[in-house]
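Listing of my_file.cif, mmCIF, C-alpha atoms and all ligand atoms
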```cif
data_coords
loop_
_atom_site.label_atom_id
_atom_site.label_comp_id
_atom_site.auth_asym_id
_atom_site.auth_seq_id
_atom_site.Cartn_x
_atom_site.Cartn_y
_atom_site.Cartn_z
CA MET A 14 19.99 9.18 17.74
CA ARG A 15 22.92 7.83 15.72
CA LYS A 16 22.11 6.42 12.31
CA SER A 17 23.30 2.93 13.30
CA ASP A 18 21.05 2.99 16.39
CA ARG A 19 18.13 3.97 14.22
CA LYS A 20 18.91 1.07 11.88
CA GLN A 21 19.05 -1.34 14.82
CA GLN A 22 15.71 -0.06 16.00
CA ASP A 23 14.18 -0.52 12.56
CA ILE A 24 15.48 -4.08 12.35
CA ALA A 25 14.13 -4.83 15.82
CA PHE A 26 10.75 -3.40 14.79
CA LEU A 27 10.62 -5.59 11.71
CA THR A 28 11.97 -8.72 13.34
CA ASP A 29 9.52 -8.42 16.14
CA ALA A 30 6.70 -7.82 13.76
CA LEU A 31 7.31 -10.33 11.04
CA LEU A 32 7.21 -13.59 12.87
CA PRO A 33 3.57 -14.80 12.77
CA GLY A 34 4.32 -18.07 14.44
CA PRO A 35 7.72 -19.49 15.18
CA TYR A 36 8.48 -20.78 11.71
CA GLN A 37 5.69 -19.97 9.26
CA CYS A 38 6.33 -18.35 5.87
CA PHE A 39 3.96 -15.48 4.96
CA LEU A 40 3.57 -16.65 1.36
CA CYS A 41 3.42 -20.45 1.40
CA ASP A 42 2.48 -21.19 5.02
CA GLU A 43 5.12 -23.91 5.02
CA GLU A 44 6.65 -24.43 8.38
CA ASP A 45 10.26 -23.83 7.65
CA LEU A 46 13.16 -21.74 8.82
CA ILE A 47 12.17 -18.25 7.85
CA GLY A 48 14.23 -15.08 7.74
CA GLU A 49 13.61 -11.68 9.26
CA ASP A 50 11.61 -10.84 6.13
CA GLY A 51 9.01 -13.48 7.08
CA LEU A 52 9.86 -15.69 4.09
CA CYS A 53 11.25 -19.16 3.52
CA ASP A 54 14.23 -19.52 1.16
CA ALA A 55 12.07 -20.91 -1.67
CA CYS A 56 9.58 -18.01 -1.62
CA ARG A 57 12.33 -15.42 -1.28
CA ALA A 58 14.09 -16.85 -4.34
CA LYS A 59 10.90 -16.47 -6.38
CA LEU A 60 10.31 -12.79 -5.56
CA LYS A 61 10.77 -10.38 -8.44
CA TYR A 62 11.24 -6.70 -7.78
CA CYS A 63 9.89 -3.82 -9.79
CA PRO A 64 12.64 -1.21 -10.11
CA GLU A 65 11.23 1.31 -12.61
CA PRO A 66 7.45 1.22 -12.86
CA THR A 67 5.88 3.54 -15.43
CA TYR A 68 3.18 6.07 -14.58
CA LEU A 69 1.26 8.98 -16.04
CA ALA A 70 0.20 12.45 -14.88
CA PRO A 71 -1.31 13.56 -12.58
CA LEU A 72 0.96 11.25 -10.56
CA ASP A 73 4.44 12.71 -10.07
CA GLY A 74 6.11 9.40 -9.24
CA LEU A 75 5.43 5.73 -8.59
CA SER A 76 7.20 3.16 -6.47
CA VAL A 77 6.15 -0.51 -6.73
CA GLY A 78 7.86 -3.12 -4.58
CA LEU A 79 7.10 -6.47 -6.18
CA GLN A 80 6.00 -7.93 -9.46
CA TYR A 81 2.61 -9.61 -9.17
CA SER A 82 2.40 -13.38 -8.73
CA GLU A 83 -0.18 -15.94 -7.61
CA GLU A 84 1.45 -16.18 -4.20
CA ILE A 85 1.47 -12.41 -3.68
CA SER A 86 -2.13 -12.15 -4.86
CA ALA A 87 -3.23 -14.86 -2.41
CA ALA A 88 -1.40 -13.11 0.43
CA ILE A 89 -3.05 -9.77 -0.47
CA ILE A 90 -6.47 -11.47 -0.26
CA ARG A 91 -5.63 -12.89 3.17
CA PHE A 92 -4.60 -9.39 4.22
CA LYS A 93 -7.61 -7.45 2.98
CA LYS A 94 -10.43 -10.00 3.09
CA HIS A 95 -9.61 -12.48 5.83
CA GLU A 96 -8.66 -10.16 8.65
CA GLN A 97 -5.02 -11.23 8.69
CA ARG A 98 -3.82 -7.79 9.67
CA GLU A 99 -0.31 -8.99 10.47
CA TYR A 100 0.30 -8.87 6.70
CA ALA A 101 0.49 -5.07 6.98
CA ARG A 102 3.85 -5.44 8.70
CA PHE A 103 5.01 -8.02 6.19
CA PHE A 104 4.02 -5.99 3.10
CA THR A 105 5.41 -2.72 4.46
CA GLN A 106 8.95 -3.93 3.83
CA PHE A 107 8.19 -3.78 0.08
CA LEU A 108 6.92 -0.20 0.19
CA SER A 109 9.36 2.64 -0.26
CA VAL A 110 9.41 6.42 -0.29
CA PRO A 111 12.35 7.69 -2.39
CA GLU A 112 14.23 10.54 -0.71
CA GLU A 113 13.99 12.74 -3.80
CA TRP A 114 10.23 12.93 -3.31
CA HIS A 115 10.81 15.05 -0.14
CA ALA A 116 7.48 13.77 1.12
CA ASP A 117 5.56 15.74 3.75
CA ILE A 118 2.89 13.17 4.51
CA LEU A 119 1.62 9.66 3.68
CA VAL A 120 -2.05 9.26 2.78
CA PRO A 121 -3.65 5.80 2.48
CA VAL A 122 -5.90 5.29 -0.55
CA PRO A 123 -9.28 5.64 1.15
CA MET A 124 -12.09 3.16 1.36
CA HIS A 125 -15.74 4.23 1.47
CA PRO A 126 -16.92 4.36 5.14
CA PHE A 127 -19.62 1.78 4.39
CA ARG A 128 -17.11 -0.74 3.07
CA LYS A 129 -14.78 -0.02 5.99
CA TRP A 130 -17.67 -0.63 8.37
CA ILE A 131 -18.42 -3.97 6.67
CA ARG A 132 -14.78 -5.05 6.68
CA GLY A 133 -13.83 -3.56 10.03
CA TYR A 134 -10.62 -1.95 8.83
CA ASN A 135 -8.98 -0.32 5.84
CA HIS A 136 -5.91 -2.33 4.94
CA THR A 137 -4.20 0.66 3.27
CA GLU A 138 -4.43 2.59 6.55
CA LEU A 139 -2.52 -0.22 8.24
CA LEU A 140 0.14 -0.09 5.51
CA ALA A 141 0.45 3.69 5.87
CA ALA A 142 0.79 3.40 9.64
CA TYR A 143 3.63 0.86 9.44
CA LEU A 144 5.30 2.71 6.58
CA SER A 145 5.13 5.92 8.59
CA ASN A 146 6.94 4.20 11.43
CA ALA A 147 9.59 2.78 9.10
CA VAL A 148 10.40 5.97 7.15
CA ASN A 149 9.64 8.53 9.86
CA ILE A 150 7.10 10.53 7.84
CA PRO A 151 3.68 11.24 9.37
CA TYR A 152 0.49 9.83 7.88
CA SER A 153 -3.12 10.94 7.84
CA ALA A 154 -6.24 9.04 6.82
CA LYS A 155 -8.33 12.22 7.07
CA LEU A 156 -6.95 14.33 4.21
CA LEU A 157 -8.61 12.27 1.48
CA ARG A 158 -11.98 10.56 1.74
CA LYS A 159 -13.98 8.30 -0.53
CA THR A 160 -17.41 9.87 -0.79
CA LYS A 161 -18.98 7.81 -3.59
CA LEU A 162 -19.60 4.12 -2.97
CA GLY A 163 -19.39 2.96 -6.62
CA PHE A 164 -18.68 -0.63 -7.63
CA GLU A 165 -15.66 -2.56 -6.44
CA GLN A 166 -12.89 -1.92 -8.97
CA LYS A 167 -11.76 -5.53 -9.11
CA LYS A 168 -15.14 -6.52 -10.57
CA ILE A 169 -14.59 -4.23 -13.58
CA THR A 170 -12.11 -5.28 -16.26
CA ASP A 171 -12.49 -2.53 -18.87
CA PRO A 172 -9.98 0.30 -18.13
CA ALA A 173 -12.30 3.07 -19.39
CA GLU A 174 -15.11 1.70 -17.24
CA ARG A 175 -12.76 1.58 -14.22
CA ARG A 176 -11.94 5.27 -14.74
CA ARG A 177 -15.65 6.14 -15.02
CA ASN A 178 -16.42 4.18 -11.85
CA MET A 179 -13.85 6.21 -9.93
CA ARG A 180 -14.70 9.66 -11.33
CA GLY A 181 -15.77 12.12 -8.63
CA SER A 182 -15.34 9.45 -5.94
CA PHE A 183 -13.00 11.33 -3.62
CA SER A 184 -12.93 14.52 -1.61
CA ALA A 185 -9.75 16.22 -0.35
CA ASP A 186 -9.31 18.42 2.73
CA PRO A 187 -8.12 21.98 1.93
CA LEU A 188 -5.20 21.32 4.32
CA VAL A 189 -3.46 19.41 1.49
CA LYS A 190 -2.58 22.76 -0.16
CA GLY A 191 1.14 22.95 -0.88
CA LEU A 192 1.91 19.44 0.48
CA ARG A 193 4.01 16.73 -1.18
CA ILE A 194 1.84 13.67 -0.65
CA VAL A 195 2.59 9.96 -0.97
CA LEU A 196 -0.49 7.82 -1.53
CA VAL A 197 -0.17 4.33 -0.09
CA ASP A 198 -1.89 1.34 -1.69
CA ASP A 199 -1.53 -2.42 -1.85
CA VAL A 200 -2.00 -3.01 -5.58
CA PHE A 201 -1.50 -0.65 -8.54
CA THR A 202 -3.68 -2.17 -11.27
CA THR A 203 -4.66 0.16 -14.12
CA GLY A 204 -4.02 3.23 -11.96
CA ALA A 205 -7.66 4.40 -12.24
CA THR A 206 -7.98 4.77 -8.47
CA ALA A 207 -4.54 6.36 -8.02
CA TYR A 208 -5.04 8.84 -10.86
CA GLU A 209 -8.43 9.93 -9.53
CA CYS A 210 -6.98 10.36 -6.01
CA ALA A 211 -4.07 12.38 -7.44
CA LYS A 212 -6.42 14.54 -9.53
CA THR A 213 -8.59 15.29 -6.49
CA LEU A 214 -5.57 16.16 -4.32
CA LYS A 215 -4.06 18.41 -7.02
CA GLN A 216 -7.36 20.23 -7.53
CA ALA A 217 -7.31 20.94 -3.77
CA GLY A 218 -3.82 22.43 -4.13
CA ALA A 219 -1.42 19.56 -3.32
CA ALA A 220 2.06 20.40 -4.68
CA LYS A 221 3.04 16.83 -5.62
CA VAL A 222 1.32 13.45 -5.47
CA TYR A 223 3.28 10.20 -5.56
CA LEU A 224 2.16 6.62 -5.07
CA SER A 225 3.87 3.83 -3.18
CA ALA A 226 2.33 0.37 -3.80
CA VAL A 227 3.30 -3.13 -2.76
CA THR A 228 2.73 -4.80 -6.10
CA SER A 229 1.44 -4.27 -9.63
CA PRO A 230 0.16 -6.72 -12.24
CA ALA A 231 0.79 -3.98 -14.84
CA HIS A 232 4.59 -4.09 -14.41
ZN ZN B 1 7.46 -19.82 1.65
#
```

Rewrite the structure from the file as C-alpha cells, please.
Ligand SMILES: [Zn+2]
Amino acid sequence: MRKSDRKQQDIAFLTDALLPGPYQCFLCDEEDLIGEDGLCDACRAKLKYCPEPTYLAPLDGLSVGLQYSEEISAAIIRFKKHEQREYARFFTQFLSVPEEWHADILVPVPMHPFRKWIRGYNHTELLAAYLSNAVNIPYSAKLLRKTKLGFEQKKITDPAERRRNMRGSFSADPLVKGLRIVLVDDVFTTGATAYECAKTLKQAGAAKVYLSAVTSPAH
C-alpha cells in the first residue's frame, strides 16, 4: 500500500469514528460545526499540548498528548465512568508512539478483573485497540495483569501512599522477555501506576518499557 493511501485510510478511519452525532463537540457538547478531530473551534483553540514530559526510571520514555484541563478531565470521566466508549476513538488521536521507540507491542495499563466486571470494560484496552489500528503495532491485554485489588488511586493524594498502594499489584507473562513495550493509559498522574507496571515488566525480562498517555496533570 502506498504511503498516501495509508494516510487516506487513517483519515477515513478517524473521520468515520469521531462524529458522535452530526455536530456535537466531544469536549463542550455544544452543537456546532466540528472538525474531523471531533472538536469545535473554541475547544480546539484551548487545547495545550505536552511536547516534552519528564519521567523517571524504570520507564524508558513517556509521551503525553495534552495538558490537563477541566474539560479534558470531564471528558475522561465520561469515557471511563459513564460508558461513553466512543471517547476511545476521540482520545486516541492524542496518543503517540515515537518511531525511535521501535515498539514491538502495546499493552494497556490493566484493571483488576473485579473492577472490570463492575464497569463492564477497561477503557485503556479500548485506547490500546484504537492506537494499535492507527500506528499498526499489535496490542495485547494479556501480557500484564492486575492481581491485587488495592484502593482506587484517585482516592489517594499522598505520592508515597500511592506507590505503596500499587506495590506488588501486577503480574507479567514471561512472554514479555526481550520485548519493547508501550504501556497505554489515559492519565499520567504521579506515575505510581506506570512505574510499578514498568518495574514488573522489566523484572520479567522486557527490554524497554515506554508509556503513552492522553493527558497529565503533572505536566
Ligand atoms: Zn467544544

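Minimum atom-to-atom distance to Arg98 (chain A), evaluated using all atoms listed in the file, belongs to A:Gly133 out of A:Pro151, A:Gly181, A:Gly133, A:Gly191.
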
Which residues are near ligand ZN 1 (chain B) in this structure, taking near to mean any atom at most 8 Å from a ligand atom and counting only C-alpha atoms and all ligand atoms? Format them as a PyMOL selection string. chain A and resi 37-43+45+47+52-57

For Lys93 (chain A), list every protein, DNA or RNA residue within 8 Å, evaluated using all atoms listed in the file, and leave out those in the same chain fewer than 4 positions away; present the list as a list in words.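 The residues satisfying every condition are Ile89, Gln97, Arg98, Asn135 and His136 of chain A.
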
The selected residues should be written to file as a PDB file, keeping the file's coordinate frame (atoms: C-alpha atoms).
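Wrote part_2.pdb, looks like this:
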```pdb
ATOM      1  CA  ILE A  89      -3.050  -9.770  -0.470  1.00  0.00           C
ATOM      2  CA  GLN A  97      -5.020 -11.230   8.690  1.00  0.00           C
ATOM      3  CA  ARG A  98      -3.820  -7.790   9.670  1.00  0.00           C
ATOM      4  CA  ASN A 135      -8.980  -0.320   5.840  1.00  0.00           C
ATOM      5  CA  HIS A 136      -5.910  -2.330   4.940  1.00  0.00           C
TER       6      HIS A 136
END
```

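Among A:Ala141, A:Leu214, A:Ala173, A:Val148, the residue with the shortest atom-to-atom distance to Asp198 (chain A), counting all atoms listed in the file, is A:Ala141.
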
Please report the interatomic distance between CA of Lys215 (chain A) and CA of Asp117 (chain A) in Å with one decimal.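 Calculated distance between CA of Lys215 (chain A) and CA of Asp117 (chain A) is 14.7 Å.
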
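Closest approach to Thr213 (chain A) among A:Lys159, A:Arg193, A:Lys94, A:Lys167 is made by A:Lys159 (distances from all atoms listed in the file).
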
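Compared by their closest atoms to Tyr152 (chain A), and using only C-alpha atoms, the residues A:Ala58, A:Ile194, A:Leu119, A:Met124 rank with A:Leu119 nearest.
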
Tell me which protein, DNA and RNA residues are within 7 Å of Ala205 (chain A), counting all atoms listed in the file, leaving out same-chain ones fewer than 2 positions away, and put them as a PyMOL selection string. chain A and resi 175-176+179+203+207-209

For each of A:Leu46, A:Ile150, A:Leu75, A:Leu139, take the minimum atom-to-atom distance to Tyr223 (chain A), counting only C-alpha atoms, then give the residue where this is smallest.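 With only C-alpha atoms as the atom set, the closest residue is A:Leu75.
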
At most 8 Å is the cut-off: for each residue in region 25-132 of chain A with any atom that close to an atom of region 142-145 of chain A, write down the nearest atom pair and the distance in Å rounded to one decimal, counting all atoms listed in the file, chain first then increasing number, as a tab-separated table.
```
residue	atom	partner	partner_atom	distance
A:Ala101	CA	A:Tyr143	CA	7.1
A:Arg102	CA	A:Tyr143	CA	6.3
A:Thr105	CA	A:Leu144	CA	5.8
A:Leu108	CA	A:Leu144	CA	7.2
A:Ser109	CA	A:Leu144	CA	8.0
A:Leu119	CA	A:Ser145	CA	7.1
```

Suppose we keep C-alpha atoms; can you now write the selection as a short mmCIF file (atom, residue, chain, number, x, y, z; two decimals), in the coordinates of the input?
```
data_model
loop_
_atom_site.label_atom_id
_atom_site.label_comp_id
_atom_site.auth_asym_id
_atom_site.auth_seq_id
_atom_site.Cartn_x
_atom_site.Cartn_y
_atom_site.Cartn_z
CA ALA A 101 0.49 -5.07 6.98
CA ARG A 102 3.85 -5.44 8.70
CA THR A 105 5.41 -2.72 4.46
CA LEU A 108 6.92 -0.20 0.19
CA SER A 109 9.36 2.64 -0.26
CA LEU A 119 1.62 9.66 3.68
#
```

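Computed from the coordinates, the CA of Glu99 (chain A) to CA of Val222 (chain A) distance equals 27.6 Å.
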
By how many Å are CA of Ser184 (chain A) and CA of Leu72 (chain A) apart?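 These two atoms are separated by 16.8 Å.
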
Contacts of Phe104 (chain A) at 9 Å (all atoms listed in the file; same-chain gap of 6+ positions) as an MDAnalysis selection string: chainID A and resid 89 140 199 227

Selection: 12 Å around Thr202 (chain A), only C-alpha atoms, excl. self and same-chain fewer than 2 positions, as a PDB file with C-alpha atoms, in the frame of the given file:
```pdb
ATOM      1  CA  PRO A  66       7.450   1.220 -12.860  1.00  0.00           C
ATOM      2  CA  THR A  67       5.880   3.540 -15.430  1.00  0.00           C
ATOM      3  CA  TYR A  68       3.180   6.070 -14.580  1.00  0.00           C
ATOM      4  CA  VAL A  77       6.150  -0.510  -6.730  1.00  0.00           C
ATOM      5  CA  GLN A  80       6.000  -7.930  -9.460  1.00  0.00           C
ATOM      6  CA  TYR A  81       2.610  -9.610  -9.170  1.00  0.00           C
ATOM      7  CA  SER A  86      -2.130 -12.150  -4.860  1.00  0.00           C
ATOM      8  CA  GLN A 166     -12.890  -1.920  -8.970  1.00  0.00           C
ATOM      9  CA  LYS A 167     -11.760  -5.530  -9.110  1.00  0.00           C
ATOM     10  CA  ILE A 169     -14.590  -4.230 -13.580  1.00  0.00           C
ATOM     11  CA  THR A 170     -12.110  -5.280 -16.260  1.00  0.00           C
ATOM     12  CA  ASP A 171     -12.490  -2.530 -18.870  1.00  0.00           C
ATOM     13  CA  PRO A 172      -9.980   0.300 -18.130  1.00  0.00           C
ATOM     14  CA  ARG A 175     -12.760   1.580 -14.220  1.00  0.00           C
ATOM     15  CA  ARG A 176     -11.940   5.270 -14.740  1.00  0.00           C
ATOM     16  CA  ASP A 198      -1.890   1.340  -1.690  1.00  0.00           C
ATOM     17  CA  ASP A 199      -1.530  -2.420  -1.850  1.00  0.00           C
ATOM     18  CA  VAL A 200      -2.000  -3.010  -5.580  1.00  0.00           C
ATOM     19  CA  GLY A 204      -4.020   3.230 -11.960  1.00  0.00           C
ATOM     20  CA  ALA A 205      -7.660   4.400 -12.240  1.00  0.00           C
ATOM     21  CA  THR A 206      -7.980   4.770  -8.470  1.00  0.00           C
ATOM     22  CA  ALA A 207      -4.540   6.360  -8.020  1.00  0.00           C
ATOM     23  CA  TYR A 208      -5.040   8.840 -10.860  1.00  0.00           C
ATOM     24  CA  ALA A 226       2.330   0.370  -3.800  1.00  0.00           C
ATOM     25  CA  VAL A 227       3.300  -3.130  -2.760  1.00  0.00           C
ATOM     26  CA  THR A 228       2.730  -4.800  -6.100  1.00  0.00           C
ATOM     27  CA  SER A 229       1.440  -4.270  -9.630  1.00  0.00           C
ATOM     28  CA  PRO A 230       0.160  -6.720 -12.240  1.00  0.00           C
ATOM     29  CA  ALA A 231       0.790  -3.980 -14.840  1.00  0.00           C
ATOM     30  CA  HIS A 232       4.590  -4.090 -14.410  1.00  0.00           C
TER      31      HIS A 232
END
```

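At a cut-off of 9 Å from (-7.2, 7.0, -0.1), the residue set is A:Val120, A:Pro121, A:Val122, A:Pro123, A:Met124, A:Thr137, A:Glu138, A:Ala154, A:Lys155, A:Leu156, A:Leu157, A:Arg158, A:Lys159, A:Phe183, A:Leu196, A:Val197, A:Asp198, A:Thr206, A:Ala207, A:Cys210 (counting all atoms listed in the file).
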
Filtering to C-alpha atoms, could you give me those residues as a PDB file, in the frame of the given file?
```pdb
ATOM      1  CA  VAL A 120      -2.050   9.260   2.780  1.00  0.00           C
ATOM      2  CA  PRO A 121      -3.650   5.800   2.480  1.00  0.00           C
ATOM      3  CA  VAL A 122      -5.900   5.290  -0.550  1.00  0.00           C
ATOM      4  CA  PRO A 123      -9.280   5.640   1.150  1.00  0.00           C
ATOM      5  CA  MET A 124     -12.090   3.160   1.360  1.00  0.00           C
ATOM      6  CA  THR A 137      -4.200   0.660   3.270  1.00  0.00           C
ATOM      7  CA  GLU A 138      -4.430   2.590   6.550  1.00  0.00           C
ATOM      8  CA  ALA A 154      -6.240   9.040   6.820  1.00  0.00           C
ATOM      9  CA  LYS A 155      -8.330  12.220   7.070  1.00  0.00           C
ATOM     10  CA  LEU A 156      -6.950  14.330   4.210  1.00  0.00           C
ATOM     11  CA  LEU A 157      -8.610  12.270   1.480  1.00  0.00           C
ATOM     12  CA  ARG A 158     -11.980  10.560   1.740  1.00  0.00           C
ATOM     13  CA  LYS A 159     -13.980   8.300  -0.530  1.00  0.00           C
ATOM     14  CA  PHE A 183     -13.000  11.330  -3.620  1.00  0.00           C
ATOM     15  CA  LEU A 196      -0.490   7.820  -1.530  1.00  0.00           C
ATOM     16  CA  VAL A 197      -0.170   4.330  -0.090  1.00  0.00           C
ATOM     17  CA  ASP A 198      -1.890   1.340  -1.690  1.00  0.00           C
ATOM     18  CA  THR A 206      -7.980   4.770  -8.470  1.00  0.00           C
ATOM     19  CA  ALA A 207      -4.540   6.360  -8.020  1.00  0.00           C
ATOM     20  CA  CYS A 210      -6.980  10.360  -6.010  1.00  0.00           C
TER      21      CYS A 210
END
```
